[in-house]
Every structure is written in C-alpha cells, then in structure tokens.
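Quick look at upload-v2.csv (CSV, C-alpha atoms and all ligand atoms):
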```csv
chain,number,residue,atom,x,y,z
A,1,MET,CA,-19.0,27.6,27.3
A,2,LYS,CA,-20.5,25.2,29.8
A,3,GLU,CA,-18.8,22.0,30.8
A,4,ALA,CA,-20.3,18.6,31.5
A,5,SER,CA,-21.2,18.3,35.2
A,6,LYS,CA,-18.0,17.3,36.9
A,7,ASP,CA,-19.4,17.0,40.5
A,8,GLY,CA,-19.7,13.2,40.2
A,9,ARG,CA,-23.4,13.3,40.9
A,10,SER,CA,-24.3,12.7,37.3
A,11,ALA,CA,-21.9,9.8,36.9
A,12,ALA,CA,-23.5,8.1,39.9
A,13,ARG,CA,-27.0,8.3,38.5
A,14,ARG,CA,-28.5,5.5,36.5
A,15,PRO,CA,-28.4,5.9,32.7
A,16,ASP,CA,-32.2,6.1,32.6
A,17,THR,CA,-32.0,9.1,34.8
A,18,ARG,CA,-29.1,10.6,32.9
A,19,VAL,CA,-30.9,10.7,29.6
A,20,VAL,CA,-33.5,12.9,31.3
A,21,THR,CA,-31.2,15.2,33.3
A,22,ALA,CA,-28.0,15.4,31.2
A,23,GLY,CA,-27.1,18.7,29.5
A,24,ARG,CA,-30.0,20.6,30.9
A,25,ASP,CA,-29.8,24.1,32.3
A,26,PRO,CA,-33.3,25.6,32.7
A,27,ALA,CA,-32.1,28.5,34.8
A,28,ALA,CA,-30.2,29.8,31.7
A,29,TYR,CA,-33.5,29.9,29.7
A,30,TYR,CA,-35.9,31.6,32.1
A,31,GLY,CA,-36.8,28.3,33.7
A,32,PHE,CA,-38.1,26.7,30.5
A,33,VAL,CA,-37.4,23.0,30.6
A,34,ASN,CA,-35.8,22.8,27.1
A,35,PRO,CA,-33.1,25.0,25.5
A,36,PRO,CA,-34.2,27.3,22.7
A,37,VAL,CA,-33.4,26.4,19.1
A,38,TYR,CA,-30.7,28.9,18.1
A,39,HIS,CA,-30.8,29.7,14.4
A,40,ALA,CA,-27.5,31.4,14.2
A,41,SER,CA,-24.5,32.4,12.2
A,42,THR,CA,-23.2,35.8,13.4
A,43,VAL,CA,-22.4,36.4,17.1
A,44,LEU,CA,-22.1,40.0,18.1
A,45,TYR,CA,-19.2,41.0,20.4
A,46,PRO,CA,-19.3,43.9,22.9
A,47,SER,CA,-16.2,45.6,21.4
A,48,ALA,CA,-13.5,45.4,18.7
A,49,GLU,CA,-11.0,44.3,21.3
A,50,ASP,CA,-13.3,41.5,22.5
A,51,TYR,CA,-13.8,40.4,18.9
A,52,LEU,CA,-10.1,40.2,18.2
A,53,ALA,CA,-9.5,38.3,21.4
A,54,HIS,CA,-12.5,35.9,20.7
A,55,ARG,CA,-13.9,37.0,24.1
A,56,ALA,CA,-17.4,35.6,23.9
A,57,PRO,CA,-19.0,32.4,25.1
A,58,TYR,CA,-19.9,31.5,21.5
A,59,GLN,CA,-17.9,32.7,18.5
A,60,TYR,CA,-19.8,31.8,15.4
A,61,GLY,CA,-22.8,29.6,14.5
A,62,ARG,CA,-20.8,26.9,12.9
A,63,ARG,CA,-18.6,26.6,16.0
A,64,GLY,CA,-21.5,25.9,18.3
A,65,THR,CA,-24.6,27.4,20.0
A,66,PRO,CA,-26.3,26.7,23.3
A,67,THR,CA,-28.5,24.2,21.3
A,68,THR,CA,-25.6,22.1,19.9
A,69,GLU,CA,-23.8,22.4,23.3
A,70,ALA,CA,-26.8,21.0,25.1
A,71,LEU,CA,-26.8,17.8,23.0
A,72,GLU,CA,-23.1,17.4,23.2
A,73,LEU,CA,-23.0,17.8,26.9
A,74,ALA,CA,-26.0,15.4,27.3
A,75,LEU,CA,-24.2,12.7,25.3
A,76,GLN,CA,-21.0,13.3,27.1
A,77,GLU,CA,-22.7,12.8,30.5
A,78,LEU,CA,-24.4,9.7,29.2
A,79,GLU,CA,-21.1,8.2,28.0
A,80,GLY,CA,-19.6,8.6,31.5
A,81,PRO,CA,-16.4,10.0,33.0
A,82,GLN,CA,-14.1,8.6,30.3
A,83,CYS,CA,-15.7,10.9,27.7
A,84,ALA,CA,-13.8,14.1,27.1
A,85,GLY,CA,-15.8,15.5,24.3
A,86,VAL,CA,-18.6,14.8,21.8
A,87,ALA,CA,-18.9,16.0,18.2
A,88,LEU,CA,-22.2,16.3,16.3
A,89,LEU,CA,-22.2,15.5,12.5
A,90,PRO,CA,-24.9,15.8,9.8
A,91,SER,CA,-25.2,12.0,9.5
A,92,GLY,CA,-24.0,8.8,11.0
A,93,LEU,CA,-21.8,8.3,8.0
A,94,ALA,CA,-20.3,11.7,8.4
A,95,ALA,CA,-19.5,10.8,12.0
A,96,ILE,CA,-17.7,7.7,10.8
A,97,SER,CA,-15.7,9.5,8.2
A,98,SER,CA,-14.8,12.4,10.6
A,99,ALA,CA,-13.8,10.0,13.3
A,100,LEU,CA,-11.5,8.1,10.9
A,101,LEU,CA,-10.0,11.3,9.4
A,102,SER,CA,-9.4,12.8,12.9
A,103,VAL,CA,-6.8,10.2,13.7
A,104,LEU,CA,-5.5,8.9,10.3
A,105,HIS,CA,-2.6,10.3,8.3
A,106,ALA,CA,-1.2,9.5,4.8
A,107,GLY,CA,0.8,6.3,5.0
A,108,ASP,CA,-1.2,4.8,7.9
A,109,HIS,CA,-2.9,1.5,7.9
A,110,ALA,CA,-6.4,0.7,9.3
A,111,LEU,CA,-7.9,-2.7,10.4
A,112,VAL,CA,-11.6,-2.7,9.8
A,113,THR,CA,-14.1,-5.4,10.7
A,114,ASP,CA,-15.4,-7.4,7.7
A,115,SER,CA,-18.9,-7.0,9.2
A,116,ALA,CA,-18.8,-3.1,9.0
A,117,TYR,CA,-21.8,-1.1,7.7
A,118,GLY,CA,-21.5,-1.1,3.8
A,119,PRO,CA,-20.9,2.6,3.3
A,120,THR,CA,-18.1,2.5,5.9
A,121,ARG,CA,-16.3,-0.1,3.7
A,122,SER,CA,-16.9,2.1,0.6
A,123,TYR,CA,-15.4,5.1,2.4
A,124,CYS,CA,-12.3,3.1,3.3
A,125,ASP,CA,-12.0,1.6,-0.1
A,126,GLN,CA,-12.7,4.8,-2.2
A,127,ILE,CA,-11.7,7.7,0.0
A,128,LEU,CA,-9.1,6.5,2.5
A,129,THR,CA,-7.2,4.7,-0.3
A,130,ARG,CA,-7.0,8.0,-2.2
A,131,LEU,CA,-5.6,9.7,0.9
A,132,GLY,CA,-2.8,7.1,1.2
A,133,VAL,CA,-4.4,5.1,4.0
A,134,ALA,CA,-4.6,1.3,3.4
A,135,THR,CA,-7.3,-0.9,4.9
A,136,THR,CA,-7.2,-4.5,5.8
A,137,TYR,CA,-10.5,-6.2,6.7
A,138,TYR,CA,-10.5,-8.7,9.5
A,139,ASP,CA,-12.8,-11.5,10.8
A,140,PRO,CA,-15.1,-9.8,13.3
A,141,LEU,CA,-14.7,-12.9,15.5
A,142,ILE,CA,-10.9,-12.7,15.6
A,143,GLY,CA,-10.7,-11.4,19.2
A,144,ALA,CA,-7.2,-10.9,20.6
A,145,ALA,CA,-5.6,-12.8,17.7
A,146,ILE,CA,-5.9,-9.5,15.8
A,147,THR,CA,-2.4,-8.9,17.1
A,148,GLY,CA,-1.1,-10.9,14.1
A,149,LEU,CA,-2.6,-8.4,11.6
A,150,PHE,CA,-0.8,-5.3,12.8
A,151,ARG,CA,1.8,-3.6,10.7
A,152,PRO,CA,4.3,-1.0,12.0
A,153,ASN,CA,2.0,1.7,10.5
A,154,THR,CA,-1.3,0.4,11.8
A,155,ARG,CA,-3.0,3.4,13.4
A,156,VAL,CA,-6.6,2.4,13.7
A,157,VAL,CA,-8.7,-0.6,14.6
A,158,TYR,CA,-12.4,-0.2,13.7
A,159,LEU,CA,-15.2,-2.3,15.2
A,160,GLU,CA,-18.9,-2.6,14.8
A,161,SER,CA,-20.5,-4.9,17.3
A,162,PRO,CA,-22.8,-6.5,16.5
A,163,GLY,CA,-22.6,-6.2,12.7
A,164,SER,CA,-25.8,-4.4,11.7
A,165,LEU,CA,-26.8,-7.1,9.2
A,166,SER,CA,-25.0,-10.2,10.3
A,167,PHE,CA,-24.9,-9.7,14.1
A,168,GLU,CA,-21.4,-11.1,15.0
A,169,MET,CA,-20.5,-10.0,18.5
A,170,GLN,CA,-17.0,-8.7,18.8
A,171,ASP,CA,-14.7,-9.1,21.8
A,172,VAL,CA,-14.3,-5.3,22.1
A,173,ALA,CA,-12.1,-5.3,25.2
A,174,GLY,CA,-9.8,-8.0,23.9
A,175,ILE,CA,-9.4,-6.3,20.5
A,176,ALA,CA,-8.9,-2.9,22.2
A,177,ALA,CA,-6.2,-4.2,24.5
A,178,ALA,CA,-4.4,-5.8,21.5
A,179,ALA,CA,-4.7,-2.5,19.6
A,180,HIS,CA,-3.4,-0.3,22.5
A,181,ALA,CA,-0.5,-2.7,23.0
A,182,LYS,CA,0.5,-1.9,19.5
A,183,GLY,CA,0.0,1.8,19.9
A,184,ALA,CA,-3.2,1.9,17.7
A,185,LEU,CA,-6.5,3.7,18.4
A,186,VAL,CA,-9.8,1.9,18.7
A,187,LEU,CA,-12.9,3.2,16.8
A,188,MET,CA,-16.3,1.6,17.2
A,189,ASP,CA,-19.7,2.0,15.6
A,190,ASN,CA,-21.9,1.6,18.7
A,191,THR,CA,-25.2,2.5,17.0
A,192,TRP,CA,-26.8,-0.9,17.8
A,193,ALA,CA,-26.3,-0.9,21.6
A,194,THR,CA,-26.1,2.9,22.2
A,195,PRO,CA,-24.2,4.1,25.3
A,196,LEU,CA,-27.2,2.8,27.3
A,197,TYR,CA,-26.6,-0.8,26.6
A,198,PHE,CA,-22.8,-0.9,25.9
A,199,ARG,CA,-20.2,1.3,27.6
A,200,ALA,CA,-17.8,1.6,24.6
A,201,LEU,CA,-15.4,4.0,26.2
A,202,GLU,CA,-15.1,1.9,29.4
A,203,ASN,CA,-14.3,-1.1,27.2
A,204,GLY,CA,-11.3,0.5,25.6
A,205,VAL,CA,-12.9,2.3,22.7
A,206,ASP,CA,-11.2,5.7,22.0
A,207,LEU,CA,-13.8,7.1,19.6
A,208,SER,CA,-17.4,5.8,19.9
A,209,ILE,CA,-19.6,6.5,16.9
A,210,GLN,CA,-23.4,6.6,16.7
A,211,ALA,CA,-25.8,7.1,13.8
A,212,GLY,CA,-28.0,9.4,15.8
A,213,THR,CA,-30.4,9.0,12.9
A,214,LYS,CA,-31.4,5.7,14.5
A,215,TYR,CA,-32.3,5.5,18.2
A,216,ILE,CA,-31.3,9.0,19.4
A,217,GLY,CA,-33.6,10.6,16.9
A,218,GLY,CA,-36.0,7.7,17.3
A,219,HIS,CA,-38.7,8.9,14.9
A,220,ALA,CA,-37.3,8.5,11.4
A,221,ASP,CA,-37.3,12.3,10.9
A,222,VAL,CA,-33.7,13.3,11.3
A,223,MET,CA,-30.2,12.7,10.0
A,224,LEU,CA,-27.6,13.0,12.7
A,225,GLY,CA,-24.2,11.5,13.7
A,226,THR,CA,-22.3,11.6,17.0
A,227,VAL,CA,-18.7,10.8,18.0
A,228,SER,CA,-17.8,10.5,21.6
A,229,ALA,CA,-14.1,10.8,22.3
A,230,ASN,CA,-11.9,10.0,25.3
A,231,GLY,CA,-8.9,12.1,26.5
A,232,ALA,CA,-6.6,10.6,23.9
A,233,THR,CA,-8.8,11.6,20.9
A,234,ALA,CA,-11.1,14.5,21.9
A,235,ALA,CA,-8.7,17.3,20.8
A,236,SER,CA,-8.0,15.9,17.3
A,237,LEU,CA,-11.7,15.1,16.8
A,238,LYS,CA,-12.8,18.7,17.7
A,239,ASN,CA,-10.0,20.0,15.5
A,240,MET,CA,-11.0,17.8,12.5
A,241,VAL,CA,-14.7,18.6,12.7
A,242,GLY,CA,-14.1,22.3,13.3
A,243,LEU,CA,-11.6,22.8,10.5
A,244,SER,CA,-13.7,20.8,8.1
A,245,GLY,CA,-16.7,23.2,8.6
A,246,LEU,CA,-19.0,20.4,9.6
A,247,CYS,CA,-22.0,21.4,11.6
A,248,VAL,CA,-25.6,20.3,12.2
A,249,GLY,CA,-28.6,22.5,11.7
A,250,PRO,CA,-30.3,23.6,14.9
A,251,ASP,CA,-33.7,22.0,14.2
A,252,ASP,CA,-32.0,18.6,13.7
A,253,VAL,CA,-29.9,19.1,16.8
A,254,TYR,CA,-33.1,19.8,18.7
A,255,LEU,CA,-34.8,16.7,17.4
A,256,GLY,CA,-31.8,14.7,18.6
A,257,LEU,CA,-32.1,16.3,22.0
A,258,ARG,CA,-35.8,15.7,22.1
A,259,GLY,CA,-35.3,12.0,21.1
A,260,LEU,CA,-32.6,11.5,23.7
A,261,ARG,CA,-35.0,12.2,26.6
A,262,THR,CA,-37.1,9.1,25.8
A,263,LEU,CA,-34.2,6.9,24.6
A,264,ALA,CA,-34.2,4.7,27.7
A,265,VAL,CA,-38.0,4.0,27.7
A,266,ARG,CA,-38.1,3.4,23.9
A,267,LEU,CA,-35.1,1.1,23.9
A,268,ASP,CA,-36.5,-0.9,26.7
A,269,ARG,CA,-39.6,-1.5,24.7
A,270,HIS,CA,-37.6,-2.2,21.5
A,271,TYR,CA,-35.5,-4.7,23.5
A,272,ARG,CA,-38.5,-6.6,25.0
A,273,SER,CA,-40.6,-6.6,21.8
A,274,GLY,CA,-37.6,-7.5,19.6
A,275,LEU,CA,-36.8,-10.5,21.8
A,276,ALA,CA,-40.4,-11.6,21.9
A,277,VAL,CA,-40.7,-11.5,18.1
A,278,ALA,CA,-37.3,-13.2,17.7
A,279,ARG,CA,-38.3,-16.0,20.1
A,280,TRP,CA,-41.6,-16.5,18.2
A,281,LEU,CA,-39.7,-16.5,14.8
A,282,GLU,CA,-37.2,-19.0,16.2
A,283,GLN,CA,-40.0,-21.6,16.6
A,284,ARG,CA,-41.4,-21.1,13.1
A,285,PRO,CA,-41.0,-24.0,10.7
A,286,GLU,CA,-40.0,-21.6,7.9
A,287,VAL,CA,-37.0,-20.4,9.9
A,288,LEU,CA,-33.6,-21.9,9.9
A,289,ARG,CA,-32.0,-19.6,12.6
A,290,LEU,CA,-32.1,-16.2,14.2
A,291,LEU,CA,-29.2,-13.7,14.3
A,292,HIS,CA,-30.0,-12.0,17.6
A,293,PRO,CA,-27.2,-11.8,20.2
A,294,ALA,CA,-29.7,-11.8,23.1
A,295,LEU,CA,-31.0,-15.3,22.2
A,296,GLU,CA,-29.2,-18.2,24.0
A,297,SER,CA,-28.8,-19.9,20.6
A,298,HIS,CA,-26.7,-17.1,19.2
A,299,PRO,CA,-22.9,-17.9,18.9
A,300,GLY,CA,-22.1,-14.4,20.3
A,301,HIS,CA,-24.6,-14.7,23.3
A,302,ALA,CA,-21.9,-15.1,25.9
A,303,VAL,CA,-20.1,-12.0,24.7
A,304,TRP,CA,-23.4,-10.1,24.6
A,305,LYS,CA,-24.2,-11.2,28.1
A,306,ARG,CA,-20.7,-10.1,29.3
A,307,ASP,CA,-20.7,-6.8,27.6
A,308,CYS,CA,-24.3,-5.5,27.0
A,309,THR,CA,-27.1,-4.6,29.4
A,310,GLY,CA,-29.7,-4.9,26.7
A,311,ALA,CA,-30.4,-5.2,23.0
A,312,CYS,CA,-32.2,-2.9,20.6
A,313,GLY,CA,-35.0,-3.9,18.2
A,314,LEU,CA,-32.7,-4.9,15.3
A,315,PHE,CA,-31.9,-8.5,14.3
A,316,SER,CA,-31.9,-10.8,11.3
A,317,VAL,CA,-33.4,-14.1,10.5
A,318,VAL,CA,-32.2,-16.9,8.1
A,319,LEU,CA,-35.1,-18.6,6.4
A,320,LYS,CA,-35.1,-22.2,5.2
A,321,PRO,CA,-34.3,-22.2,1.5
A,322,VAL,CA,-37.2,-21.1,-0.7
A,323,PRO,CA,-37.3,-19.3,-4.1
A,324,GLN,CA,-36.4,-15.6,-3.8
A,325,GLN,CA,-39.9,-14.8,-5.1
A,326,ALA,CA,-41.4,-16.4,-1.9
A,327,VAL,CA,-39.2,-14.1,0.2
A,328,TYR,CA,-40.5,-11.1,-1.7
A,329,ALA,CA,-44.1,-12.4,-1.3
A,330,PHE,CA,-43.4,-12.6,2.5
A,331,LEU,CA,-42.1,-9.1,2.7
A,332,ASP,CA,-44.7,-7.6,0.4
A,333,ALA,CA,-47.6,-9.1,2.4
A,334,LEU,CA,-46.5,-7.4,5.6
A,335,GLU,CA,-48.6,-4.4,6.5
A,336,LEU,CA,-47.0,-3.2,9.7
A,337,PHE,CA,-43.4,-3.8,8.6
A,338,GLY,CA,-42.3,-1.1,6.2
A,339,ILE,CA,-39.7,-2.0,3.5
A,340,GLY,CA,-36.9,0.5,3.8
A,341,ALA,CA,-33.4,1.5,4.9
A,342,SER,CA,-32.4,2.7,8.3
A,343,TRP,CA,-33.9,1.7,11.7
A,344,GLY,CA,-34.3,3.0,15.2
A,345,GLY,CA,-37.6,4.8,14.6
A,346,TYR,CA,-40.9,4.0,16.3
A,347,GLU,CA,-42.0,1.8,13.4
A,348,SER,CA,-41.2,-1.8,12.4
A,349,LEU,CA,-39.2,-2.5,9.2
A,350,ALA,CA,-38.1,-5.6,7.2
A,351,ILE,CA,-35.6,-5.8,4.4
A,352,PRO,CA,-34.1,-8.6,2.4
A,353,PHE,CA,-30.3,-8.6,2.4
A,354,ASP,CA,-27.3,-10.7,1.3
A,355,CYS,CA,-23.8,-10.3,2.7
A,356,THR,CA,-22.2,-12.6,0.1
A,357,GLY,CA,-20.6,-9.9,-2.1
A,358,ALA,CA,-19.8,-7.6,0.9
A,359,ARG,CA,-17.1,-9.7,2.5
A,360,THR,CA,-13.4,-10.1,1.8
A,361,ALA,CA,-11.8,-11.5,5.0
A,362,THR,CA,-14.6,-14.0,5.7
A,363,ARG,CA,-17.1,-16.1,3.8
A,364,TRP,CA,-20.8,-15.5,4.4
A,365,HIS,CA,-22.7,-18.8,4.5
A,366,SER,CA,-26.2,-18.1,5.7
A,367,GLY,CA,-27.7,-21.4,4.5
A,368,GLY,CA,-30.9,-19.6,3.3
A,369,PRO,CA,-32.5,-16.3,2.4
A,370,THR,CA,-31.9,-13.6,5.0
A,371,VAL,CA,-34.2,-10.8,6.2
A,372,ARG,CA,-33.4,-8.1,8.7
A,373,PHE,CA,-36.1,-6.9,11.0
A,374,HIS,CA,-36.5,-3.7,13.1
A,375,ILE,CA,-39.1,-4.2,15.7
A,376,GLY,CA,-40.8,-0.9,16.5
A,377,LEU,CA,-43.1,0.2,19.2
A,378,GLU,CA,-46.3,-1.5,18.0
A,379,ALA,CA,-48.0,-4.2,20.1
A,380,VAL,CA,-46.2,-7.5,19.7
A,381,ASP,CA,-49.4,-9.4,19.1
A,382,ASP,CA,-50.2,-7.2,16.1
A,383,LEU,CA,-46.7,-7.7,14.7
A,384,LEU,CA,-47.0,-11.5,15.1
A,385,ALA,CA,-50.3,-11.5,13.3
A,386,ASP,CA,-48.6,-9.5,10.5
A,387,LEU,CA,-45.8,-12.0,10.3
A,388,GLU,CA,-48.3,-14.9,10.1
A,389,ARG,CA,-49.8,-13.1,7.1
A,390,GLY,CA,-46.4,-12.9,5.6
A,391,PHE,CA,-45.7,-16.6,6.2
A,392,ALA,CA,-49.0,-17.5,4.5
A,393,ALA,CA,-48.0,-15.5,1.5
A,394,LEU,CA,-44.5,-17.1,1.5
A,395,ALA,CA,-46.1,-20.6,1.6
A,396,ALA,CA,-48.4,-19.7,-1.3
A,397,ALA,CA,-45.6,-18.3,-3.4
A,398,ALA,CA,-43.3,-21.2,-2.6
A,399,GLN,CA,-45.9,-23.6,-4.0
A,400,ALA,CA,-46.7,-21.6,-7.1
B,1,LIG,C1,-27.5,3.8,9.5
B,1,LIG,C2,-26.1,3.4,10.0
B,1,LIG,C3,-25.0,4.3,9.8
B,1,LIG,C4,-25.1,5.6,9.0
B,1,LIG,O1,-26.0,6.5,9.6
B,1,LIG,P1,-26.7,7.6,8.6
B,1,LIG,O2,-27.2,8.6,9.6
B,1,LIG,O3,-27.7,6.9,7.8
B,1,LIG,O4,-25.5,8.2,7.8
B,1,LIG,C5,-23.9,3.9,10.4
B,1,LIG,N1,-23.7,2.8,11.0
B,1,LIG,C6,-24.7,1.9,11.2
B,1,LIG,C7,-24.5,0.7,12.0
B,1,LIG,C8,-26.0,2.2,10.7
B,1,LIG,O5,-27.0,1.4,10.8
```
Any chance you could give the structure as structure tokens?
Ligand SMILES: *Cc1c(COP(=O)(O)O)cnc(C)c1O
Amino acid sequence: MKEASKDGRSAARRPDTRVVTAGRDPAAYYGFVNPPVYHASTVLYPSAEDYLAHRAPYQYGRRGTPTTEALELALQELEGPQCAGVALLPSGLAAISSALLSVLHAGDHALVTDSAYGPTRSYCDQILTRLGVATTYYDPLIGAAITGLFRPNTRVVYLESPGSLSFEMQDVAGIAAAAHAKGALVLMDNTWATPLYFRALENGVDLSIQAGTKYIGGHADVMLGTVSANGATAASLKNMVGLSGLCVGPDDVYLGLRGLRTLAVRLDRHYRSGLAVARWLEQRPEVLRLLHPALESHPGHAVWKRDCTGACGLFSVVLKPVPQQAVYAFLDALELFGIGASWGGYESLAIPFDCTGARTATRWHSGGPTVRFHIGLEAVDDLLADLERGFAALAAAAQA
C-alpha cells in the first residue's frame, strides 16, 4: 500500500494546494487525473502461498482499495505531519462512535463537552453507559480548569469547537494540555472548521473527527465520516474500524475525494458570504445577537482569532422575543433557505432550534428564539433579499 508523501514537500505547501495535490498518483492509473472507483470484494492472489502469507498490496474489499486509500492519504496529507493515519466511516456519527470505541474500555470515564452534537450525547448516554463507560458533561468554556473534573479512570476528553448550534469556542490547546497531563486522550469534532481552518492535531488533539457529509462532500449527496489519528492513536483506530467491519462504499468515497478537491475554494466563499450575512443580520432590529465566532461581538472571538484561519458558513442568530408562530412564518417565507438537517452543501439552510433541554452541565439562556443558518454558495444579495422577505413575514405574523 502507498504511504502519504514523506518527502516534506507536501507539508510545506499551502493547504489550498494540498487539497488539489494530496493523495493523487495519476501514473498508477494510465495518467488519468483521478483514481478509478474500485467496486470490490475479492482480491485474487498469484498463488496459494501468497494468499496464506497475505502477500498482496490489497487483501480484501472491506480492508481498503486504491479508491479508499486515495481519500485516506489525501486527508492525512491535509492534516499535516502529526497525522499517522485516517479512517473512513459511513457517516459522521459512525466516525464519532468509532473514535470513542477505539480508545475506551469498560470502567473508563469520559469528559464530554455540554455543547456536543446531540447524537454524540445520545451515543454516550445510551451506548457507552451500557458498555460500562461513564460520561460527565462539562462547560465548553471551562478551559484548563477541566483539570478539576478528572477521575483516576478518565480516559477521554471530547471537544466540539465551536458547538454546532450554540457556537461556544473551546480552548482546545488548554484543555488538551490538561488532559495529557492526566494521561487522557483528546478527541475533537472538527467538522465546523475542517483541517483547513483549524489544525486540530497541532493543537493537541489525538483523534480529529469530521462529518465528511458536510464540507468534504459539499453537495448534500453523500454520508461520510473521517477520523484523523496521531501516532498515539492511529493503530487502535485502524484496529477498531477494521475489526468492526466498517467500510464505506466506493461511490461515496469517490464523492468525498471529488468534494475535497474544491474544499478550499468553497470554504472561502462560505466564509466570506457567511460573515457578510451575519454582519447584515447583526444590524437588523429583529435580532438580539449573533452566534458567529468570527464576529468581533462574539465572546469566543479572541479564541477563534488565535486558533482558526477562517470560518465556515454555519452560525446561529438569537431573535428578539416574538411568538414562536412568527419564527415559523419567518422560516416558511424563505425561498432560498431550505429547512432541513445537515449543512456544508452548496445550498443555504435555516432551522429553528432550542438547546434548553439538551444541557446538563450548563444552562442555556438565549434570551429569544434561535435560528441556525447555513450560508451556501448563492449570491449574498439574493440571500439578503430572501431574509428581508422572511422578516416581513415575521413582522406580519407577530402583529396577527
Ligand atoms: C452532522 C454532524 C455530525 C454527524 O454527521 P453525519 O454524517 O450526519 O452522521 C457530527 N458532528 C457534527 C458537528 C455535525 O454537524
């Protein structure tokens, strides 16, 4: 099997270049720019002896093909020199559960941010509990003070920064240093920033998770998860994923690879358009405040500026109190913003949400109804006109 380029050339290149060059080997495919989509289970060996000695570049479809390897190596090069291996999973949630299972044992304790993606919480509460792993949720803003929450059996600290509904920015390096001092491993959901805008492994994260469904895929047409491991965790990750029989279909892997090539240019547009729409919303009389870390007004702005080189198109807004029906009228009047789960595709989305029932370590006080936006690749002017239409409907409904 091939290895990620170790000649140092790749690491020296800018991330925008690396998403284009990483994991490619046209000479291996008659010069074609992209690798073929290997639909494969059986691999034939030259002889019985070779078969018994596993002497073949690829052993079995589930264990990897040139297609899966191309995406793994591309992501590994993108993560940088700390990355010792990448695993592909059939969804972001499968990446989260596999990363957790790869390092946890019965009797262990996990510290998980209170701002974590809802299904991550459900997995900890319903599955990890059954396997004898206890979870304590912690305030995402706790920083290095997390030291006080460790137990002798704390094995994992799990972060998600920013939270994908509430957008608290976590002090990743501070929390990671505290975790490592206690002998714990650090897992992070880095879907929001992607490796392009936040260098998770360089900031002390041992397993960096992405819902590839979002920006890597980028077109709302694939379910995919990725876990990037450093030297401390790569072997156990590969072991867990391999022994569990988890693999991703070749067409979905190919869509991930195809999406990755334009990740830098798409994210740049999501970043600029998202910030423009957020600044416009921040001036609206209907709006109480924005939850967007790249805005100067955000409480996590200094951390964002220290840690991130950009922002994606996902943020939330707190509206001034109005009846819930007026919020529904606002959302239903939007034409360019679809109402639906997920994000990271080319299209804009808007959903109502409420974190009140989803917290145990902290209290959620938004001060008004909350809406999460994903800003897609449409022209900003058209999106603003659509939002104007929404606010007109909100005003009409609030008066009714
Ligand atoms: C969507 C999402 C996931 C889960 O990804 P799926 O591919 O939908 O399973 C995990 N974390 C975050 C932050 C997400 O937004």
What lies within 6 Å of stretch 228-231 of chain A using all atoms listed in the file, ignoring chain neighbours under 2 positions off, as a list in words? Gln82, Cys83, Ala84, Gly85, Val86, Asp206, Leu207, Ser208, Thr233 and Ala234 of chain A
Long-range neighbours of A:Ile175 as a PyMOL selection string, 12 Å cut-off, all atoms listed in the file, 4 positions minimum in chain: chain A and resi 111-113+138-150+156-161+169-171+179-182+184-188+203-205
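Across A:Trp304, A:His105, A:Ser166, A:Ala95, the tightest approach to A:Trp364 is made by A:Ser166 when counting only C-alpha atoms.
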Ligand LIG 1 (chain B): which residues are within 7 Å, counting all atoms listed in the file, as a list in words? Ser91, Gly92, Leu93, Ala94, Tyr117, Ser164, Asp189, Thr191, Trp192, Gln210, Ala211, Gly212, Thr213, Lys214, Met223, Leu224, Gly225, Ser342 and Trp343 of chain A
Can you tell me which residues surround stretch 378-380 of chain A at a distance of at most 8 Å, considering all atoms listed in the file, apart from same-chain residues fewer than 5 positions away, and format the answer as a list in words? Ser273, Ala276, Val277, Tyr346, Glu347 and Ser348 of chain A
File of the preceding selection, C-alpha atoms, as a PDB file, keeping the file's coordinate frame:
```
ATOM      1  CA  SER A 273     -40.600  -6.600  21.800  1.00  0.00           C
ATOM      2  CA  ALA A 276     -40.400 -11.600  21.900  1.00  0.00           C
ATOM      3  CA  VAL A 277     -40.700 -11.500  18.100  1.00  0.00           C
ATOM      4  CA  TYR A 346     -40.900   4.000  16.300  1.00  0.00           C
ATOM      5  CA  GLU A 347     -42.000   1.800  13.400  1.00  0.00           C
ATOM      6  CA  SER A 348     -41.200  -1.800  12.400  1.00  0.00           C
TER       7      SER A 348
END
```
Pick the closest to A:Ala358 from A:Arg258, A:Arg121, A:His39, A:Lys320: which is it, counting all atoms listed in the file?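 Nearest candidate to A:Ala358 out of A:Arg258, A:Arg121, A:His39, A:Lys320: A:Arg121.
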Contacts of A:Asp251 at 8 Å (all atoms listed in the file; same-chain gap of 3+ positions) as a PyMOL selection string: chain A and resi 37+254-255
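Of the listed residues A:Cys124, A:Ala350, A:Ala11, A:Leu257, the one whose atoms come nearest to A:Gly80 is A:Ala11, with distances taken using all atoms listed in the file.
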